$ cat query-v9.tsv   # TSV, N, CA and C atoms
chain	number	residue	atom	x	y	z
A	4	ALA	N	0.84	-1.18	0.00
A	4	ALA	CA	0.00	0.00	0.00
A	4	ALA	C	0.88	1.24	0.00
A	5	MET	N	0.34	2.33	-0.48
A	5	MET	CA	1.06	3.59	-0.53
A	5	MET	C	0.12	4.69	-0.05
A	6	LEU	N	0.61	5.55	0.82
A	6	LEU	CA	-0.18	6.67	1.34
A	6	LEU	C	0.26	7.96	0.67
A	7	ASP	N	-0.69	8.70	0.15
A	7	ASP	CA	-0.40	10.05	-0.37
A	7	ASP	C	-0.59	11.01	0.80
A	8	PRO	N	0.50	11.57	1.34
A	8	PRO	CA	0.38	12.41	2.54
A	8	PRO	C	-0.40	13.71	2.29
A	9	LYS	N	-0.47	14.15	1.05
A	9	LYS	CA	-1.21	15.38	0.75
A	9	LYS	C	-2.71	15.18	0.85
A	10	THR	N	-3.17	14.00	0.42
A	10	THR	CA	-4.61	13.74	0.40
A	10	THR	C	-5.06	12.76	1.48
A	11	SER	N	-4.11	12.13	2.16
A	11	SER	CA	-4.38	11.08	3.15
A	11	SER	C	-5.14	9.90	2.55
A	12	VAL	N	-4.92	9.66	1.26
A	12	VAL	CA	-5.57	8.56	0.57
A	12	VAL	C	-4.58	7.41	0.40
A	13	TRP	N	-5.05	6.21	0.75
A	13	TRP	CA	-4.25	5.00	0.58
A	13	TRP	C	-4.52	4.39	-0.78
A	14	ARG	N	-3.49	3.84	-1.40
A	14	ARG	CA	-3.63	3.09	-2.64
A	14	ARG	C	-2.99	1.73	-2.41
A	15	GLU	N	-3.76	0.67	-2.67
A	15	GLU	CA	-3.25	-0.68	-2.46
A	15	GLU	C	-3.04	-1.38	-3.79
A	16	PHE	N	-2.05	-2.28	-3.81
A	16	PHE	CA	-1.70	-3.02	-5.01
A	16	PHE	C	-1.82	-4.51	-4.69
A	17	THR	N	-2.50	-5.24	-5.55
A	17	THR	CA	-2.74	-6.66	-5.33
A	17	THR	C	-1.56	-7.48	-5.82
A	18	ILE	N	-1.08	-8.37	-4.97
A	18	ILE	CA	0.01	-9.28	-5.34
A	18	ILE	C	-0.60	-10.40	-6.18
A	19	PRO	N	0.04	-10.74	-7.32
A	19	PRO	CA	-0.53	-11.74	-8.23
A	19	PRO	C	-0.80	-13.10	-7.59
A	20	ASN	N	0.00	-13.51	-6.61
A	20	ASN	CA	-0.14	-14.82	-6.00
A	20	ASN	C	-0.83	-14.66	-4.65
A	21	LEU	N	-1.98	-15.29	-4.47
A	21	LEU	CA	-2.73	-15.14	-3.22
A	21	LEU	C	-1.99	-15.64	-1.99
A	22	SER	N	-1.04	-16.56	-2.17
A	22	SER	CA	-0.26	-17.06	-1.03
A	22	SER	C	1.09	-16.37	-0.95
A	23	GLY	N	1.20	-15.17	-1.47
A	23	GLY	CA	2.47	-14.46	-1.58
A	23	GLY	C	3.20	-14.22	-0.27
A	24	GLN	N	2.49	-13.94	0.80
A	24	GLN	CA	3.11	-13.63	2.09
A	24	GLN	C	4.25	-12.61	1.92
A	25	PRO	N	3.94	-11.39	1.49
A	25	PRO	CA	5.00	-10.40	1.29
A	25	PRO	C	5.72	-10.13	2.60
A	26	SER	N	7.03	-9.97	2.49
A	26	SER	CA	7.83	-9.77	3.69
A	26	SER	C	8.72	-8.55	3.53
A	27	GLY	N	9.95	-8.73	3.10
A	27	GLY	CA	10.87	-7.61	2.95
A	27	GLY	C	10.44	-6.66	1.85
A	28	ILE	N	10.88	-5.40	1.96
A	28	ILE	CA	10.55	-4.40	0.95
A	28	ILE	C	11.72	-3.43	0.83
A	29	ALA	N	11.99	-3.00	-0.41
A	29	ALA	CA	13.07	-2.03	-0.66
A	29	ALA	C	12.69	-1.22	-1.88
A	30	ILE	N	13.08	0.04	-1.89
A	30	ILE	CA	12.81	0.93	-3.02
A	30	ILE	C	14.14	1.35	-3.61
A	31	ASP	N	14.27	1.17	-4.93
A	31	ASP	CA	15.55	1.52	-5.58
A	31	ASP	C	15.57	3.00	-5.99
A	32	ALA	N	16.67	3.43	-6.56
A	32	ALA	CA	16.86	4.83	-6.94
A	32	ALA	C	15.90	5.28	-8.04
A	33	ARG	N	15.33	4.32	-8.75
A	33	ARG	CA	14.36	4.64	-9.81
A	33	ARG	C	12.92	4.59	-9.31
A	34	ASP	N	12.74	4.40	-8.00
A	34	ASP	CA	11.43	4.30	-7.34
A	34	ASP	C	10.68	3.01	-7.65
A	35	ASN	N	11.38	1.98	-8.12
A	35	ASN	CA	10.78	0.65	-8.24
A	35	ASN	C	10.69	0.07	-6.83
A	36	VAL	N	9.58	-0.57	-6.52
A	36	VAL	CA	9.37	-1.16	-5.19
A	36	VAL	C	9.57	-2.67	-5.30
A	37	TRP	N	10.60	-3.18	-4.62
A	37	TRP	CA	10.95	-4.61	-4.63
A	37	TRP	C	10.50	-5.23	-3.32
A	38	PHE	N	10.03	-6.49	-3.38
A	38	PHE	CA	9.63	-7.17	-2.15
A	38	PHE	C	9.76	-8.68	-2.34
A	39	THR	N	9.80	-9.38	-1.22
A	39	THR	CA	9.87	-10.84	-1.27
A	39	THR	C	8.48	-11.43	-1.11
A	40	GLU	N	8.28	-12.59	-1.72
A	40	GLU	CA	7.04	-13.36	-1.56
A	40	GLU	C	7.44	-14.69	-0.95
A	41	PHE	N	7.35	-14.75	0.37
A	41	PHE	CA	7.87	-15.86	1.15
A	41	PHE	C	7.28	-17.21	0.73
A	42	GLY	N	5.96	-17.32	0.68
A	42	GLY	CA	5.30	-18.60	0.40
A	42	GLY	C	5.67	-19.24	-0.92
A	43	PRO	N	5.46	-18.53	-2.04
A	43	PRO	CA	5.74	-19.15	-3.34
A	43	PRO	C	7.20	-19.05	-3.78
A	44	GLY	N	8.05	-18.41	-2.99
A	44	GLY	CA	9.46	-18.29	-3.36
A	44	GLY	C	9.69	-17.40	-4.55
A	45	LYS	N	9.17	-16.19	-4.47
A	45	LYS	CA	9.29	-15.25	-5.58
A	45	LYS	C	9.80	-13.89	-5.10
A	46	ILE	N	10.31	-13.13	-6.06
A	46	ILE	CA	10.64	-11.73	-5.84
A	46	ILE	C	9.66	-10.93	-6.68
A	47	GLY	N	9.02	-9.96	-6.06
A	47	GLY	CA	8.07	-9.12	-6.76
A	47	GLY	C	8.60	-7.71	-6.91
A	48	VAL	N	8.11	-7.03	-7.94
A	48	VAL	CA	8.48	-5.63	-8.14
A	48	VAL	C	7.27	-4.87	-8.66
A	49	LEU	N	7.07	-3.70	-8.10
A	49	LEU	CA	6.08	-2.76	-8.61
A	49	LEU	C	6.88	-1.68	-9.32
A	50	PRO	N	6.96	-1.74	-10.65
A	50	PRO	CA	7.76	-0.74	-11.37
A	50	PRO	C	7.22	0.67	-11.13
A	51	ALA	N	8.13	1.62	-11.06
A	51	ALA	CA	7.75	3.01	-10.84
A	51	ALA	C	6.74	3.45	-11.90
A	52	GLY	N	5.69	4.13	-11.44
A	52	GLY	CA	4.68	4.64	-12.35
A	52	GLY	C	3.67	3.60	-12.83
A	53	SER	N	3.79	2.38	-12.35
A	53	SER	CA	2.88	1.30	-12.76
A	53	SER	C	1.97	0.93	-11.61
A	54	SER	N	0.86	0.28	-11.93
A	54	SER	CA	0.00	-0.24	-10.88
A	54	SER	C	-0.08	-1.77	-10.97
A	55	THR	N	0.81	-2.35	-11.77
A	55	THR	CA	0.84	-3.80	-11.95
A	55	THR	C	2.12	-4.40	-11.40
A	56	ILE	N	1.98	-5.33	-10.49
A	56	ILE	CA	3.13	-6.01	-9.90
A	56	ILE	C	3.57	-7.14	-10.82
A	57	VAL	N	4.87	-7.30	-10.94
A	57	VAL	CA	5.47	-8.39	-11.71
A	57	VAL	C	6.26	-9.23	-10.71
A	58	ASP	N	6.15	-10.55	-10.81
A	58	ASP	CA	6.94	-11.37	-9.89
A	58	ASP	C	7.78	-12.39	-10.65
A	59	PHE	N	8.86	-12.81	-10.00
A	59	PHE	CA	9.85	-13.70	-10.59
A	59	PHE	C	10.11	-14.86	-9.64
A	60	LEU	N	10.04	-16.08	-10.15
A	60	LEU	CA	10.26	-17.28	-9.36
A	60	LEU	C	11.75	-17.45	-9.07
A	61	ILE	N	12.10	-17.70	-7.82
A	61	ILE	CA	13.48	-17.96	-7.43
A	61	ILE	C	13.80	-19.41	-7.82
A	62	PRO	N	14.97	-19.67	-8.41
A	62	PRO	CA	15.29	-21.03	-8.86
A	62	PRO	C	15.36	-22.08	-7.74
A	63	SER	N	15.71	-21.68	-6.53
A	63	SER	CA	15.80	-22.63	-5.41
A	63	SER	C	14.40	-22.97	-4.92
A	64	PRO	N	14.00	-24.26	-4.99
A	64	PRO	CA	12.66	-24.62	-4.49
A	64	PRO	C	12.54	-24.39	-2.99
A	65	ASN	N	11.37	-23.97	-2.55
A	65	ASN	CA	11.08	-23.75	-1.12
A	65	ASN	C	12.13	-22.88	-0.44
A	66	SER	N	12.53	-21.80	-1.11
A	66	SER	CA	13.64	-20.98	-0.60
A	66	SER	C	13.25	-20.07	0.57
A	67	GLY	N	12.00	-19.64	0.64
A	67	GLY	CA	11.57	-18.77	1.73
A	67	GLY	C	12.26	-17.42	1.74
A	68	PRO	N	12.18	-16.66	0.63
A	68	PRO	CA	12.82	-15.34	0.62
A	68	PRO	C	12.20	-14.43	1.66
A	69	GLU	N	13.05	-13.71	2.38
A	69	GLU	CA	12.51	-12.91	3.47
A	69	GLU	C	12.96	-11.45	3.41
A	70	ASP	N	14.23	-11.19	3.46
A	70	ASP	CA	14.73	-9.80	3.46
A	70	ASP	C	15.22	-9.44	2.07
A	71	ILE	N	15.18	-8.15	1.75
A	71	ILE	CA	15.62	-7.68	0.45
A	71	ILE	C	16.24	-6.30	0.62
A	72	THR	N	17.24	-6.01	-0.19
A	72	THR	CA	17.89	-4.70	-0.13
A	72	THR	C	18.34	-4.30	-1.52
A	73	VAL	N	18.48	-3.00	-1.71
A	73	VAL	CA	18.99	-2.46	-2.96
A	73	VAL	C	20.25	-1.68	-2.62
A	74	THR	N	21.34	-1.98	-3.32
A	74	THR	CA	22.61	-1.29	-3.07
A	74	THR	C	22.65	0.05	-3.81
A	75	SER	N	23.61	0.86	-3.46
A	75	SER	CA	23.72	2.19	-4.07
A	75	SER	C	23.98	2.12	-5.57
A	76	ASP	N	24.55	1.00	-6.04
A	76	ASP	CA	24.78	0.87	-7.48
A	76	ASP	C	23.64	0.15	-8.19
A	77	GLY	N	22.52	-0.09	-7.51
A	77	GLY	CA	21.33	-0.66	-8.13
A	77	GLY	C	21.18	-2.16	-8.01
A	78	GLY	N	22.09	-2.83	-7.33
A	78	GLY	CA	21.96	-4.28	-7.15
A	78	GLY	C	20.82	-4.62	-6.21
A	79	VAL	N	20.07	-5.67	-6.54
A	79	VAL	CA	18.95	-6.11	-5.70
A	79	VAL	C	19.30	-7.49	-5.16
A	80	TYR	N	19.45	-7.59	-3.83
A	80	TYR	CA	19.85	-8.82	-3.15
A	80	TYR	C	18.78	-9.22	-2.14
A	81	PHE	N	18.65	-10.53	-1.92
A	81	PHE	CA	17.65	-11.02	-0.98
A	81	PHE	C	18.17	-12.27	-0.28
A	82	THR	N	17.60	-12.55	0.88
A	82	THR	CA	17.96	-13.77	1.62
A	82	THR	C	16.98	-14.87	1.29
A	83	GLU	N	17.51	-16.10	1.29
A	83	GLU	CA	16.68	-17.29	1.10
A	83	GLU	C	16.79	-18.09	2.40
A	84	GLN	N	15.81	-17.91	3.27
A	84	GLN	CA	15.85	-18.47	4.61
A	84	GLN	C	16.03	-19.99	4.61
A	85	TYR	N	15.27	-20.71	3.80
A	85	TYR	CA	15.32	-22.17	3.83
A	85	TYR	C	16.39	-22.77	2.93
A	86	SER	N	16.91	-21.99	1.99
A	86	SER	CA	17.96	-22.50	1.10
A	86	SER	C	19.36	-22.15	1.60
A	87	ASN	N	19.42	-21.32	2.67
A	87	ASN	CA	20.70	-20.89	3.22
A	87	ASN	C	21.55	-20.20	2.16
A	88	LYS	N	20.92	-19.26	1.42
A	88	LYS	CA	21.60	-18.56	0.33
A	88	LYS	C	21.27	-17.07	0.36
A	89	ILE	N	22.10	-16.31	-0.32
A	89	ILE	CA	21.81	-14.92	-0.64
A	89	ILE	C	21.66	-14.89	-2.16
A	90	GLY	N	20.55	-14.35	-2.63
A	90	GLY	CA	20.29	-14.30	-4.07
A	90	GLY	C	20.39	-12.88	-4.58
A	91	GLN	N	20.54	-12.77	-5.89
A	91	GLN	CA	20.53	-11.47	-6.56
A	91	GLN	C	19.59	-11.58	-7.75
A	92	ILE	N	18.80	-10.55	-7.97
A	92	ILE	CA	17.94	-10.52	-9.14
A	92	ILE	C	18.34	-9.33	-10.00
A	93	THR	N	18.45	-9.59	-11.29
A	93	THR	CA	18.76	-8.54	-12.26
A	93	THR	C	17.69	-8.58	-13.33
A	94	VAL	N	16.97	-7.50	-13.45
A	94	VAL	CA	15.97	-7.34	-14.50
A	94	VAL	C	16.46	-6.15	-15.33
A	95	PRO	N	17.10	-6.42	-16.48
A	95	PRO	CA	17.76	-5.35	-17.22
A	95	PRO	C	16.93	-4.08	-17.43
A	96	SER	N	15.64	-4.23	-17.69
A	96	SER	CA	14.83	-3.03	-17.91
A	96	SER	C	14.61	-2.21	-16.65
A	97	LEU	N	14.85	-2.82	-15.48
A	97	LEU	CA	14.64	-2.13	-14.21
A	97	LEU	C	15.93	-1.90	-13.42
A	98	THR	N	16.91	-2.78	-13.59
A	98	THR	CA	18.11	-2.71	-12.75
A	98	THR	C	19.37	-2.31	-13.50
A	99	SER	N	19.26	-1.97	-14.79
A	99	SER	CA	20.49	-1.63	-15.52
A	99	SER	C	21.12	-0.40	-14.91
A	100	ARG	N	22.42	-0.45	-14.84
A	100	ARG	CA	23.17	0.61	-14.15
A	100	ARG	C	23.77	1.58	-15.11

$ encode --input "query-v9.tsv" --output "structure tokens"
Amino acid sequence: AMLDPKTSVWREFTIPNLSGQPSGIAIDARDNVWFTEFGPGKIGVLPAGSSTIVDFLIPSPNSGPEDITVTSDGGVYFTEQYSNKIGQITVPSLTSR
């Protein structure tokens, strides 16, 4: 959800997967909103200026992505709780540096 402080109006965005269990969230320098989807093992992104969420399946089955961060150079990294890994996602149209 996003709150417009000028109007005090909330805007909510529906996650494509009903069992998404969104957890971590990070906003990159281009205002893309990245988040983890714990249940289905996906990384989601709400591209800046869009109202449609796009999600990407993590290759590790049952990974349990939880935390996510964006580095100053635009890298998007996330933890995989059950796979004992740190993952990186690169979507050229959104993360190109």

$ atom_distance --input "query-v9.tsv" --atom1 "atom CA of A:Ser63" --atom2 "atom CA of A:Ser86"
6.9 Å

$ select_by_dssp --input "query-v9.tsv" --residues "chain A" --states "strand (DSSP E)" --output "ChimeraX atom specification"
/A:5-7,12-14,25-30,36-40,45-49,57-60,68-73,79-83,88-92

$ atom_distance --input "query-v9.tsv" --atom1 "atom N of A:Arg33" --atom2 "atom CA of A:Pro68"
21.9 Å

$ residues_around --input "query-v9.tsv" --residues "A:Ile30" --least-positions-apart "4" --cutoff "12 Å" --atoms "only C-alpha atoms" --output "PyMOL selection string"
chain A and resi 34-38+47-51+71-75+77-79+97-98

$ closest_residue --input "query-v9.tsv" --among "A:Ala4, A:Phe41, A:Lys9, A:Tyr85" --to "A:Ser22" --atoms "only C-alpha atoms"
A:Phe41

$ select_by_dssp --input "query-v9.tsv" --residues "chain A" --states "helix (DSSP H, G or I)" --output "PyMOL selection string"
chain A and resi 95-98

$ atom_distance --input "query-v9.tsv" --atom1 "atom N of A:Gly23" --atom2 "atom N of A:Asp58"
11.5 Å

$ closest_residue --input "query-v9.tsv" --among "A:Gly44, A:Ser96, A:Val57, A:Ser66" --to "A:Thr82" --atoms "only N, CA and C atoms"
A:Ser66

$ closest_residue --input "query-v9.tsv" --among "A:Gly90, A:Pro95, A:Asp70, A:Gln84" --to "A:Ile28" --atoms "all atoms listed in the file"
A:Asp70

$ closest_residue --input "query-v9.tsv" --among "A:Tyr80, A:Val94, A:Gln24, A:Lys45" --to "A:Pro62" --atoms "all atoms listed in the file"
A:Lys45

$ closest_residue --input "query-v9.tsv" --among "A:Pro43, A:Gly52, A:Gly67, A:Pro8" --to "A:Leu21" --atoms "all atoms listed in the file"
A:Pro43
